[in-house]
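Novice: Just so it is clear, I am handing over entry_28.pdb, which has PDB, C-alpha atoms, pLDDT in the B column.
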ATOM      1  CA  MET A   1    -104.710  18.127-142.079  1.00 42.00           C
ATOM      2  CA  ALA A   2    -102.815  14.849-141.578  1.00 55.00           C
ATOM      3  CA  THR A   3    -103.365  12.836-138.416  1.00 55.00           C
ATOM      4  CA  LEU A   4    -100.463  12.321-136.029  1.00 53.00           C
ATOM      5  CA  PRO A   5     -99.437   9.012-134.452  1.00 59.00           C
ATOM      6  CA  THR A   6    -100.839   8.545-130.958  1.00 67.00           C
ATOM      7  CA  GLU A   7     -97.580   7.413-129.361  1.00 88.00           C
ATOM      8  CA  PHE A   8     -95.287  10.231-128.340  1.00 90.00           C
ATOM      9  CA  VAL A   9     -92.669  11.301-125.805  1.00 93.00           C
ATOM     10  CA  PHE A  10     -91.977  14.577-124.016  1.00 92.00           C
ATOM     11  CA  ALA A  11     -88.197  14.933-124.063  1.00 93.00           C
ATOM     12  CA  SER A  12     -85.895  16.782-121.707  1.00 90.00           C
ATOM     13  CA  ASP A  13     -84.707  18.866-124.663  1.00 89.00           C
ATOM     14  CA  GLY A  14     -88.181  20.482-124.687  1.00 90.00           C
ATOM     15  CA  THR A  15     -89.346  18.667-127.808  1.00 93.00           C
ATOM     16  CA  ILE A  16     -92.323  16.396-128.418  1.00 93.00           C
ATOM     17  CA  TYR A  17     -91.409  13.447-130.613  1.00 95.00           C
ATOM     18  CA  VAL A  18     -94.040  11.196-132.243  1.00 92.00           C
ATOM     19  CA  ARG A  19     -93.449   7.614-133.265  1.00 92.00           C
ATOM     20  CA  ILE A  20     -92.122   7.169-136.780  1.00 91.00           C
ATOM     21  CA  GLU A  21     -94.373   4.887-138.774  1.00 82.00           C
ATOM     22  CA  ASN A  22     -92.305   4.881-141.977  1.00 85.00           C
ATOM     23  CA  LYS A  23     -89.830   7.671-142.658  1.00 91.00           C
ATOM     24  CA  PRO A  24     -89.635  10.947-140.766  1.00 93.00           C
ATOM     25  CA  PRO A  25     -90.638  14.080-142.646  1.00 92.00           C
ATOM     26  CA  PRO A  26     -87.624  15.746-144.300  1.00 94.00           C
ATOM     27  CA  GLY A  27     -85.496  17.878-142.002  1.00 95.00           C
ATOM     28  CA  ARG A  28     -86.987  16.651-138.698  1.00 94.00           C
ATOM     29  CA  ARG A  29     -84.815  15.714-135.719  1.00 94.00           C
ATOM     30  CA  VAL A  30     -85.099  12.066-134.735  1.00 95.00           C
ATOM     31  CA  PHE A  31     -84.996  10.686-131.186  1.00 95.00           C
ATOM     32  CA  VAL A  32     -84.156   7.038-130.578  1.00 94.00           C
ATOM     33  CA  GLY A  33     -84.466   5.967-126.986  1.00 94.00           C
ATOM     34  CA  TYR A  34     -84.527   2.794-124.934  1.00 94.00           C
ATOM     35  CA  ALA A  35     -86.855   2.251-121.994  1.00 93.00           C
ATOM     36  CA  LEU A  36     -85.499   2.009-118.477  1.00 91.00           C
ATOM     37  CA  THR A  37     -86.714  -0.933-116.430  1.00 90.00           C
ATOM     38  CA  ALA A  38     -88.791  -0.406-113.290  1.00 89.00           C
ATOM     39  CA  LYS A  39     -85.764  -1.516-111.244  1.00 90.00           C
ATOM     40  CA  GLU A  40     -83.532   1.070-112.943  1.00 87.00           C
ATOM     41  CA  ARG A  41     -86.095   3.848-112.393  1.00 88.00           C
ATOM     42  CA  ALA A  42     -86.332   2.937-108.708  1.00 90.00           C
ATOM     43  CA  GLN A  43     -82.549   2.701-108.385  1.00 89.00           C
ATOM     44  CA  HIS A  44     -81.993   6.209-109.794  1.00 86.00           C
ATOM     45  CA  GLY A  45     -85.010   7.864-108.182  1.00 86.00           C
ATOM     46  CA  THR A  46     -86.335  11.246-109.269  1.00 83.00           C
ATOM     47  CA  ARG A  47     -83.188  13.211-108.440  1.00 86.00           C
ATOM     48  CA  GLY A  48     -80.958  10.724-110.218  1.00 83.00           C
ATOM     49  CA  LEU A  49     -83.129  10.775-113.328  1.00 83.00           C
ATOM     50  CA  LEU A  50     -83.124  14.583-113.359  1.00 83.00           C
ATOM     51  CA  ARG A  51     -79.318  14.646-113.047  1.00 82.00           C
ATOM     52  CA  TRP A  52     -79.114  12.088-115.824  1.00 78.00           C
ATOM     53  CA  ALA A  53     -81.399  14.249-118.000  1.00 77.00           C
ATOM     54  CA  CYS A  54     -78.843  17.063-117.741  1.00 81.00           C
ATOM     55  CA  LEU A  55     -76.265  14.870-119.479  1.00 86.00           C
ATOM     56  CA  GLN A  56     -78.379  13.229-122.195  1.00 89.00           C
ATOM     57  CA  THR A  57     -81.913  13.335-123.475  1.00 91.00           C
ATOM     58  CA  LEU A  58     -84.508  11.602-121.319  1.00 91.00           C
ATOM     59  CA  ALA A  59     -88.097  11.288-122.510  1.00 93.00           C
ATOM     60  CA  LEU A  60     -91.388  10.479-120.790  1.00 91.00           C
ATOM     61  CA  GLY A  61     -93.513   8.315-123.048  1.00 92.00           C
ATOM     62  CA  SER A  62     -97.261   8.326-123.510  1.00 89.00           C
ATOM     63  CA  ASP A  63     -96.966   4.606-122.676  1.00 89.00           C
ATOM     64  CA  GLY A  64     -95.729   5.440-119.149  1.00 89.00           C
ATOM     65  CA  ARG A  65     -92.116   4.500-119.800  1.00 91.00           C
ATOM     66  CA  VAL A  66     -88.967   6.579-119.367  1.00 91.00           C
ATOM     67  CA  TYR A  67     -86.732   6.470-122.438  1.00 93.00           C
ATOM     68  CA  VAL A  68     -83.044   7.371-122.528  1.00 93.00           C
ATOM     69  CA  GLU A  69     -81.271   8.304-125.752  1.00 92.00           C
ATOM     70  CA  GLU A  70     -79.693   5.374-127.503  1.00 91.00           C
ATOM     71  CA  ARG A  71     -76.017   6.023-126.739  1.00 86.00           C
ATOM     72  CA  ALA A  72     -76.563   6.302-122.990  1.00 85.00           C
ATOM     73  CA  ILE A  73     -77.594   2.731-122.144  1.00 87.00           C
ATOM     74  CA  GLU A  74     -77.344  -0.825-123.431  1.00 86.00           C
ATOM     75  CA  ALA A  75     -80.123  -1.480-125.964  1.00 87.00           C
ATOM     76  CA  LYS A  76     -80.390  -5.237-125.501  1.00 88.00           C
ATOM     77  CA  ARG A  77     -83.935  -6.486-124.741  1.00 90.00           C
ATOM     78  CA  ARG A  78     -85.383  -3.013-124.181  1.00 92.00           C
ATOM     79  CA  LYS A  79     -88.459  -1.429-125.681  1.00 92.00           C
ATOM     80  CA  VAL A  80     -87.346   1.137-128.242  1.00 92.00           C
ATOM     81  CA  PHE A  81     -88.989   4.410-129.188  1.00 94.00           C
ATOM     82  CA  ARG A  82     -88.028   6.013-132.494  1.00 94.00           C
ATOM     83  CA  GLY A  83     -89.738   9.266-133.281  1.00 95.00           C
ATOM     84  CA  TYR A  84     -89.449  12.583-135.066  1.00 95.00           C
ATOM     85  CA  ALA A  85     -89.739  16.097-133.656  1.00 95.00           C
ATOM     86  CA  LEU A  86     -93.047  17.915-134.033  1.00 93.00           C
ATOM     87  CA  THR A  87     -93.301  21.404-135.457  1.00 92.00           C
ATOM     88  CA  ASP A  88     -94.744  24.110-133.198  1.00 91.00           C
ATOM     89  CA  GLU A  89     -98.070  23.833-135.048  1.00 92.00           C
ATOM     90  CA  GLU A  90     -98.202  20.045-134.599  1.00 89.00           C
ATOM     91  CA  ALA A  91     -97.255  20.338-130.920  1.00 88.00           C
ATOM     92  CA  GLY A  92    -100.118  22.816-130.489  1.00 88.00           C
ATOM     93  CA  ARG A  93    -102.526  20.267-131.968  1.00 87.00           C
ATOM     94  CA  VAL A  94    -101.238  17.588-129.601  1.00 81.00           C
ATOM     95  CA  PHE A  95    -101.715  19.845-126.565  1.00 80.00           C
ATOM     96  CA  GLN A  96    -105.219  20.765-127.777  1.00 86.00           C
ATOM     97  CA  GLU A  97    -106.125  17.082-127.973  1.00 83.00           C
ATOM     98  CA  LEU A  98    -104.611  16.366-124.542  1.00 81.00           C
ATOM     99  CA  HIS A  99    -106.561  19.265-123.038  1.00 78.00           C
ATOM    100  CA  HIS A 100    -109.790  18.064-124.660  1.00 82.00           C
ATOM    101  CA  THR A 101    -109.201  14.481-123.469  1.00 84.00           C
ATOM    102  CA  ALA A 102    -108.369  15.595-119.927  1.00 81.00           C
ATOM    103  CA  LEU A 103    -111.599  17.614-119.731  1.00 84.00           C
ATOM    104  CA  ASN A 104    -113.630  14.640-120.954  1.00 82.00           C
ATOM    105  CA  VAL A 105    -111.991  12.251-118.492  1.00 84.00           C
ATOM    106  CA  THR A 106    -112.483  14.696-115.606  1.00 87.00           C
ATOM    107  CA  GLY A 107    -116.149  15.188-116.528  1.00 85.00           C
ATOM    108  CA  ALA A 108    -116.721  11.438-116.741  1.00 85.00           C
ATOM    109  CA  ALA A 109    -115.015  10.865-113.372  1.00 84.00           C
ATOM    110  CA  LEU A 110    -117.146  13.540-111.703  1.00 87.00           C
ATOM    111  CA  ARG A 111    -120.357  12.082-113.158  1.00 88.00           C
ATOM    112  CA  ALA A 112    -119.374   8.590-111.969  1.00 87.00           C
ATOM    113  CA  ARG A 113    -119.151   9.690-108.330  1.00 83.00           C
TER     114      ARG A 113
END
Can you turn what I pasted into structure tokens?

Specialist:
Amino acid sequence: MATLPTEFVFASDGTIYVRIENKPPPGRRVFVGYALTAKERAQHGTRGLLRWACLQTLALGSDGRVYVEERAIEAKRRKVFRGYALTDEEAGRVFQELHHTALNVTGAALRAR
């Protein structure tokens, strides 16, 4: 089984996209998004971002950033995320790893008390 890139986004279209290292696998949807600045996130607030997500794809990145699809905002000087859609099987593997990691982190935090 091939390993998946560790950088990914959860998109408002319900898809998990992982960073493209070279070329996306054939037939996969591609998401290209640009990160909002902290000032922009604060300006829009949660409700504004949710309204915005109804009009175009918004994605929450594993790096803590909010990405907006490329046609929605000016790209200049922004961090870019370019990724391909995971299959259901791949998404299941990602969630398994996240679950495993969360359990390990929780256990470590409890032991550190």

Novice: Return the single residue from A:Ala38, A:Ala109, A:Ala11, A:Leu86 that is closest to A:Cys54, with distances computed using all atoms listed in the file.

Specialist: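 Looking only at the distances to A:Cys54, the closest residue turns out to be A:Ala11.
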
Novice: Rank nothing, just name the residue among A:Lys76, A:Arg41, A:Gly27, A:His99 nearest to A:Leu60, using all atoms listed in the file.

Specialist: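 When distances to A:Leu60 are compared using all atoms listed in the file, the smallest one comes from A:Arg41.
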
Novice: Using only C-alpha atoms, determine which residues lie at most 12 Å from A:Lys23, disregarding the query and same-chain residues fewer than 4 positions distant; provide the list as an NGL selection string.

Specialist: :A and (18-19 or 27-30 or 82-84)

Novice: As an exercise, work out the distance from atom CA of A:Arg111 to atom CA of A:Gly61 in Å and give it to one decimal place.

Specialist: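 Atom CA of A:Gly61 lies at a distance of 28.9 Å from atom CA of A:Arg111.
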
Novice: So, counting all atoms listed in the file, which residue among A:Ala85, A:Gly92, A:Thr57, A:Gly107 is closest to A:Ile20?

Specialist: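 Of A:Ala85, A:Gly92, A:Thr57, A:Gly107, the one nearest A:Ile20 is A:Ala85, counting all atoms listed in the file.
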
Novice: Would you mind listing what lies within 8 Å of A:Phe81 as an mmCIF file with C-alpha atoms, in the frame of the given file, with only C-alpha atoms counted and same-chain residues fewer than 4 positions away left out?

Specialist:
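Just written: out_32.cif:
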data_model
loop_
_atom_site.group_PDB
_atom_site.id
_atom_site.type_symbol
_atom_site.label_atom_id
_atom_site.label_comp_id
_atom_site.auth_asym_id
_atom_site.auth_seq_id
_atom_site.Cartn_x
_atom_site.Cartn_y
_atom_site.Cartn_z
ATOM 1 C CA ARG A 19 -93.449 7.614 -133.265
ATOM 2 C CA PHE A 31 -84.996 10.686 -131.186
ATOM 3 C CA VAL A 32 -84.156 7.038 -130.578
ATOM 4 C CA GLY A 33 -84.466 5.967 -126.986
ATOM 5 C CA TYR A 34 -84.527 2.794 -124.934
ATOM 6 C CA ALA A 35 -86.855 2.251 -121.994
ATOM 7 C CA TYR A 67 -86.732 6.470 -122.438
#
